[in-house]
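What follows is the content of my_file03.txt, which has compact mmCIF, C-alpha atoms:
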```
# COMPACT_ATOMS: atom_id res chain seq x y z
CA MET A 296 -10.96 -5.63 11.33
CA LYS A 297 -7.78 -4.97 13.28
CA THR A 298 -4.62 -3.46 11.84
CA SER A 299 -1.01 -3.64 12.91
CA CYS A 300 1.79 -1.62 11.35
CA GLU A 301 5.44 -2.29 10.75
CA TYR A 302 7.64 0.62 9.72
CA PHE A 303 10.56 0.42 7.30
CA GLY A 304 13.12 2.96 6.25
CA ASN A 305 12.55 6.23 8.03
CA SER A 306 8.74 5.98 7.93
CA ALA A 307 8.28 5.99 11.73
CA SER A 308 10.40 9.12 12.18
CA LEU A 309 8.79 10.79 9.15
CA LEU A 310 5.33 10.32 10.65
CA ASP A 311 6.51 11.99 13.88
CA GLU A 312 8.03 15.04 12.16
CA PRO A 313 6.05 18.19 11.29
CA GLU A 314 6.67 17.60 7.56
CA GLY A 315 5.18 14.13 7.98
CA GLN A 316 1.80 15.43 9.20
CA TRP A 317 0.13 14.93 5.82
CA PHE A 318 1.50 11.38 5.55
CA ARG A 319 0.28 10.59 9.07
CA VAL A 320 -3.24 11.83 8.26
CA GLN A 321 -3.36 9.77 5.05
CA SER A 322 -2.00 6.64 6.76
CA GLU A 323 -4.51 6.99 9.59
CA LEU A 324 -7.33 7.42 7.05
CA VAL A 325 -6.38 4.11 5.41
CA GLN A 326 -6.13 2.34 8.77
CA LYS A 327 -9.46 3.76 10.00
CA SER A 328 -11.15 2.64 6.77
CA LEU A 329 -9.71 -0.85 7.14
CA LYS A 330 -10.80 -1.07 10.77
CA SER A 331 -14.39 -0.30 9.71
CA VAL A 332 -14.62 -3.43 7.52
CA ASP A 333 -17.34 -5.72 8.85
CA LEU A 334 -15.82 -9.20 8.74
CA ASN A 335 -19.25 -10.74 9.28
CA ARG A 336 -20.04 -9.86 5.66
CA ILE A 337 -17.29 -12.12 4.33
CA ASN A 338 -18.56 -15.28 2.64
CA PRO A 339 -17.54 -17.31 -0.41
CA ALA A 340 -19.66 -15.05 -2.64
CA MET A 341 -18.27 -11.79 -1.14
CA LYS A 342 -14.58 -12.46 -0.77
CA ALA A 343 -12.50 -10.39 1.61
CA THR A 344 -10.58 -8.67 -1.19
CA GLU A 345 -13.76 -7.20 -2.65
CA LEU A 346 -15.11 -6.22 0.76
CA ILE A 347 -11.87 -4.42 1.63
CA ARG A 348 -11.73 -2.64 -1.73
CA GLN A 349 -15.34 -1.49 -1.31
CA SER A 350 -14.56 -0.11 2.16
CA LEU A 351 -11.85 2.12 0.67
CA VAL A 352 -13.87 3.56 -2.23
CA ASN A 353 -15.46 6.51 -0.39
CA PRO A 354 -12.67 7.39 2.07
CA LEU A 355 -10.07 7.35 -0.71
CA LYS A 356 -12.25 9.05 -3.33
CA PRO A 357 -9.78 11.94 -3.81
CA TRP A 358 -6.94 9.47 -4.44
CA SER A 359 -6.03 8.37 -7.96
CA THR A 360 -6.62 4.70 -8.69
CA LYS A 361 -4.75 2.18 -10.80
CA VAL A 362 -1.88 4.58 -11.43
CA LEU A 363 0.73 3.41 -13.91
CA VAL A 364 4.31 3.51 -12.64
CA THR A 365 5.58 4.07 -16.18
CA SER A 366 4.11 5.25 -19.45
CA VAL A 367 6.46 3.02 -21.42
CA LEU A 368 4.56 -0.24 -21.75
CA PRO A 369 4.72 -2.76 -24.55
CA PRO A 370 1.50 -2.90 -26.57
CA ASN A 371 -1.06 -5.60 -25.72
CA ARG A 372 0.52 -6.43 -22.37
CA ALA A 373 -1.17 -6.72 -19.01
CA SER A 374 -0.48 -3.59 -17.00
CA SER A 375 -1.06 -5.02 -13.51
CA ASN A 376 2.69 -5.33 -12.91
CA TYR A 377 3.01 -1.59 -13.49
CA ARG A 378 -0.09 -0.32 -11.68
CA ILE A 379 -0.41 0.93 -8.12
CA ASP A 380 -3.86 0.57 -6.55
CA TYR A 381 -4.11 4.06 -4.99
CA GLN A 382 -1.98 7.18 -4.98
CA ALA A 383 -2.41 10.67 -3.56
CA ARG A 384 -0.37 13.85 -3.85
CA ASN A 385 -0.11 16.49 -1.19
CA THR A 386 -1.85 19.50 -2.70
CA GLU A 387 -2.15 21.49 0.51
CA LYS A 388 -1.17 25.11 -0.05
CA SER A 389 0.20 25.38 3.50
CA SER A 390 2.72 22.61 2.91
CA SER A 391 6.16 23.58 1.67
CA SER A 392 7.18 20.04 0.70
CA LYS A 393 5.80 17.94 -2.10
CA GLY A 394 4.45 14.58 -0.99
CA LEU A 395 3.19 11.40 -2.60
CA ILE A 396 1.67 8.42 -0.87
CA SER A 397 1.10 5.11 -2.65
CA LEU A 398 -1.09 2.24 -1.45
CA GLU A 399 -0.91 -1.33 -2.68
CA LEU A 400 -3.50 -3.89 -1.60
CA ALA A 401 -1.44 -7.06 -1.52
CA PHE A 402 -4.03 -9.81 -1.58
CA ASP A 403 -2.50 -11.66 -4.47
CA ASN A 404 -0.25 -14.62 -5.03
CA ARG A 405 3.01 -14.57 -3.08
CA GLN A 406 4.82 -14.59 -6.43
CA ALA A 407 3.79 -10.91 -6.70
CA VAL A 408 5.64 -9.86 -3.53
CA GLY A 409 8.72 -8.69 -5.44
CA THR A 410 6.67 -7.00 -8.15
CA ASN A 411 4.53 -5.15 -5.58
CA LEU A 412 7.62 -3.88 -3.76
CA LEU A 413 9.38 -2.97 -7.01
CA LYS A 414 6.53 -0.90 -8.40
CA LEU A 415 6.14 1.03 -5.14
CA GLU A 416 9.88 1.71 -4.94
CA SER A 417 10.06 2.64 -8.64
CA SER A 418 7.22 5.10 -8.24
CA ALA A 419 8.85 6.62 -5.15
CA ARG A 420 12.22 7.02 -6.85
CA GLN A 421 10.65 8.63 -9.91
CA PHE A 422 8.61 11.08 -7.80
CA VAL A 423 11.61 12.07 -5.68
CA SER A 424 13.78 12.46 -8.78
CA ASP A 425 11.18 14.63 -10.54
CA THR A 426 10.05 16.79 -7.62
CA LYS A 427 12.65 16.48 -4.85
CA GLY A 428 9.65 15.67 -2.65
CA ILE A 429 8.95 12.86 -0.20
CA CYS A 430 7.20 9.62 -1.04
CA MET A 431 5.80 7.03 1.36
CA SER A 432 4.36 3.65 0.43
CA LEU A 433 1.72 1.63 2.24
CA ILE A 434 1.20 -2.09 1.69
CA VAL A 435 -1.88 -3.85 3.07
CA ALA A 436 -1.64 -7.62 3.47
CA PRO A 437 -3.71 -10.18 5.41
CA SER A 438 -2.65 -11.98 8.56
CA GLN A 439 -2.56 -15.77 8.43
CA ASN A 440 -5.87 -15.93 10.34
CA LEU A 441 -7.63 -13.49 8.01
CA LYS A 442 -6.20 -15.31 5.01
CA GLU A 443 -8.02 -18.46 6.14
CA TYR A 444 -11.18 -16.65 7.28
CA GLY A 445 -11.33 -14.47 4.15
CA PHE A 446 -11.57 -17.34 1.66
CA TRP A 447 -8.16 -16.70 0.10
CA ASP A 448 -6.29 -19.70 -1.22
CA ASN A 449 -2.99 -20.83 0.21
CA SER A 450 -0.91 -19.02 -2.44
CA VAL A 451 -1.79 -15.54 -1.07
CA ALA A 452 1.11 -13.85 0.74
CA THR A 453 0.59 -12.77 4.34
CA GLY A 454 1.84 -9.71 6.16
CA ALA A 455 4.50 -11.88 7.81
CA GLU A 456 5.77 -12.95 4.39
CA TYR A 457 5.90 -9.33 3.22
CA SER A 458 7.72 -8.33 6.40
CA TRP A 459 10.36 -10.99 5.84
CA ALA A 460 10.74 -10.03 2.17
CA ILE A 461 11.16 -6.34 3.02
CA ARG A 462 13.66 -7.00 5.84
CA LYS A 463 15.66 -9.75 4.13
CA ALA A 464 15.20 -10.51 0.43
CA TYR A 465 14.53 -6.94 -0.78
CA SER A 466 16.26 -4.87 1.91
CA PHE A 467 18.81 -3.70 -0.67
CA LEU A 468 15.98 -2.37 -2.86
CA ILE A 469 13.79 -0.41 -0.43
CA SER A 470 15.20 3.07 0.11
CA HIS A 471 12.02 5.09 0.74
CA PRO A 472 9.64 5.12 3.72
CA LEU A 473 7.29 2.13 3.69
CA VAL A 474 4.58 1.00 6.10
CA LEU A 475 3.29 -2.56 6.09
CA ILE A 476 -0.28 -2.73 7.39
CA THR A 477 -1.32 -6.26 8.29
CA VAL A 478 -5.08 -6.72 8.67
CA SER A 479 -6.68 -9.40 10.81
```
Can the structure in the file be given as structure tokens, please?
Amino acid sequence: MKTSCEYFGNSASLLDEPEGQWFRVQSELVQKSLKSVDLNRINPAMKATELIRQSLVNPLKPWSTKVLVTSVLPPNRASSNYRIDYQARNTEKSSSSKGLISLELAFDNRQAVGTNLLKLESSARQFVSDTKGICMSLIVAPSQNLKEYGFWDNSVATGAEYSWAIRKAYSFLISHPLVLITVS
């Protein structure tokens, strides 16, 4: 699989700064893992979403999975709107800054675009407020070609749709570094 990245906020400059070294390593790990996905294994029985998730299991083993953005949830409610797929904290002793990186695999209905962006931004704001650290978010979405090849239905949002939403519809909301990784 191929990846292309689009940088929002100050994510590009953060990745070039010395304090962004940990974020760069984590981002490159995600991209390398995505590039290793064998698209020849995709078929109607093994959908692309599952294949991509499986390819991230081992490389992202130290990361937390299905992290809740908030602990205040109504009882008996689905938590998917409040859950981030992967999250990792910088625990390196040599680092003076606290860091959090969140990863959302956005292979769902385009109606979830706003929710996906909101939960990443909410998590970032909470982390920065609590720790005075730095938070970066990664969103992985399919290209139009992969969407068709990967057996997703037409309702799935593409990287281009996420890019537009981040730049236009939700530009007022996004205040923390964010990287959109489009896979094809």
Checklist entry - For A:Met296, which residue out of A:Ile434, A:Leu441, A:Leu310, A:Val408 is the nearest one, using only C-alpha atoms? => result A:Leu441
Next on the checklist: I'd like to know which of A:Asn338, A:Arg405, A:Trp317, A:Arg420 is closest to A:Arg384, using all atoms listed in the file.
Outcome noted: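 The answer is A:Trp317, which sits nearest to A:Arg384.
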Item to check | Best match for closeness to A:Ser417 among A:Val325, A:Val364, A:Cys300, A:Val332, counting all atoms listed in the file | outcome: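 Comparing A:Val325, A:Val364, A:Cys300, A:Val332 against A:Ser417, the winner is A:Val364.
Proximity to A:Gln439 was assessed for A:Asn411, A:Thr477, A:Ile469, A:Leu400 counting all atoms listed in the file; the smallest distance is recorded for A:Thr477.
Minimum atom-to-atom distances from A:Gly394, A:Leu412, A:Thr344, A:Asp448 to A:Arg462 were compared using all atoms listed in the file, and the lowest value belongs to A:Leu412.
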Item to check | Atom pair atom CA of A:Phe467 / atom CA of A:Val362: separation (Å) | outcome: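 Calculated distance between atom CA of A:Phe467 and atom CA of A:Val362 is 24.7 Å.
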Checklist entry - At what distance in Å, to one decimal, does atom CA of A:Asn376 lie from atom CA of A:Thr410? => result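 So the answer is 6.4 Å.
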Next on the checklist: I'd like the interatomic distance between atom CA of A:Glu456 and atom CA of A:Tyr302, to a tenth of an Å.
Outcome noted: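 According to the coordinates, atom CA of A:Glu456 and atom CA of A:Tyr302 are separated by 14.7 Å.
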Item to check | Closest of A:Val478, A:Leu355, A:Ala401, A:Leu473 to A:Leu334 - atom-to-atom distances counting all atoms listed in the file | outcome: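 Smallest separation from A:Leu334 among the options: A:Val478.
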Checklist entry - If I put a ball of radius 12 Å at (11.2, 2.9, 5.9) in the file's coordinates, which residues poke into it when counting only C-alpha atoms, written as a PyMOL selection string? => result chain A and resi 300-310+416+419+429-434+458+461-462+466+468-475
Checklist entry - Quick one: residues within 8 Å of A:Tyr377, all atoms listed in the file counted, chain neighbours fewer than 4 positions away excluded, as a PyMOL selection string? => result chain A and resi 363-365+414
Item to check | Surrounding residues of A:Ser331 excluding itself and chain neighbours under 5 positions, 12 Å, all atoms listed in the file, as a PyMOL selection string | outcome: chain A and resi 296-298+324-326+336+346-351+354+478-479
I need the residues from that last selection saved to file as a PDB file, keeping the file's coordinate frame (with C-alpha atoms), if you can.
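Contents of again.pdb, freshly written:
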```pdb
ATOM      1  CA  MET A 296     -10.960  -5.630  11.330  1.00  0.00           C
ATOM      2  CA  LYS A 297      -7.780  -4.970  13.280  1.00  0.00           C
ATOM      3  CA  THR A 298      -4.620  -3.460  11.840  1.00  0.00           C
ATOM      4  CA  LEU A 324      -7.330   7.420   7.050  1.00  0.00           C
ATOM      5  CA  VAL A 325      -6.380   4.110   5.410  1.00  0.00           C
ATOM      6  CA  GLN A 326      -6.130   2.340   8.770  1.00  0.00           C
ATOM      7  CA  ARG A 336     -20.040  -9.860   5.660  1.00  0.00           C
ATOM      8  CA  LEU A 346     -15.110  -6.220   0.760  1.00  0.00           C
ATOM      9  CA  ILE A 347     -11.870  -4.420   1.630  1.00  0.00           C
ATOM     10  CA  ARG A 348     -11.730  -2.640  -1.730  1.00  0.00           C
ATOM     11  CA  GLN A 349     -15.340  -1.490  -1.310  1.00  0.00           C
ATOM     12  CA  SER A 350     -14.560  -0.110   2.160  1.00  0.00           C
ATOM     13  CA  LEU A 351     -11.850   2.120   0.670  1.00  0.00           C
ATOM     14  CA  PRO A 354     -12.670   7.390   2.070  1.00  0.00           C
ATOM     15  CA  VAL A 478      -5.080  -6.720   8.670  1.00  0.00           C
ATOM     16  CA  SER A 479      -6.680  -9.400  10.810  1.00  0.00           C
TER      17      SER A 479
END
```
Next on the checklist: List as a PyMOL selection string the protein and nucleic acid residues near A:Val352, meaning an atom at most 10 Å away when all atoms listed in the file are counted, but skip any in the same chain fewer than 6 places from it.
Outcome noted: chain A and resi 328+358+360
Specify the axis-aligned box that encloses all atoms of stretch 334-352 of chain A listed in the file after padding of 3 Å on each side, stating its centre and edge lengths in Å to one decimal as JSON.
```
{"center_x": -15.3, "center_y": -6.9, "center_z": 3.3, "size_x": 15.5, "size_y": 26.9, "size_z": 17.9}
```
Any idea what's packed within 10 Å of A:Ala452, counting all atoms listed in the file, ignoring anything in its chain fewer than 5 positions away? Could you give it as a PDB file with C-alpha atoms, in the coordinates of the input?
```pdb
ATOM      1  CA  ALA A 401      -1.440  -7.060  -1.520  1.00  0.00           C
ATOM      2  CA  PHE A 402      -4.030  -9.810  -1.580  1.00  0.00           C
ATOM      3  CA  ASP A 403      -2.500 -11.660  -4.470  1.00  0.00           C
ATOM      4  CA  ASN A 404      -0.250 -14.620  -5.030  1.00  0.00           C
ATOM      5  CA  ARG A 405       3.010 -14.570  -3.080  1.00  0.00           C
ATOM      6  CA  GLN A 406       4.820 -14.590  -6.430  1.00  0.00           C
ATOM      7  CA  ALA A 407       3.790 -10.910  -6.700  1.00  0.00           C
ATOM      8  CA  VAL A 408       5.640  -9.860  -3.530  1.00  0.00           C
ATOM      9  CA  ALA A 436      -1.640  -7.620   3.470  1.00  0.00           C
ATOM     10  CA  PRO A 437      -3.710 -10.180   5.410  1.00  0.00           C
ATOM     11  CA  SER A 438      -2.650 -11.980   8.560  1.00  0.00           C
ATOM     12  CA  GLN A 439      -2.560 -15.770   8.430  1.00  0.00           C
ATOM     13  CA  LYS A 442      -6.200 -15.310   5.010  1.00  0.00           C
ATOM     14  CA  TRP A 447      -8.160 -16.700   0.100  1.00  0.00           C
ATOM     15  CA  TYR A 457       5.900  -9.330   3.220  1.00  0.00           C
TER      16      TYR A 457
END
```
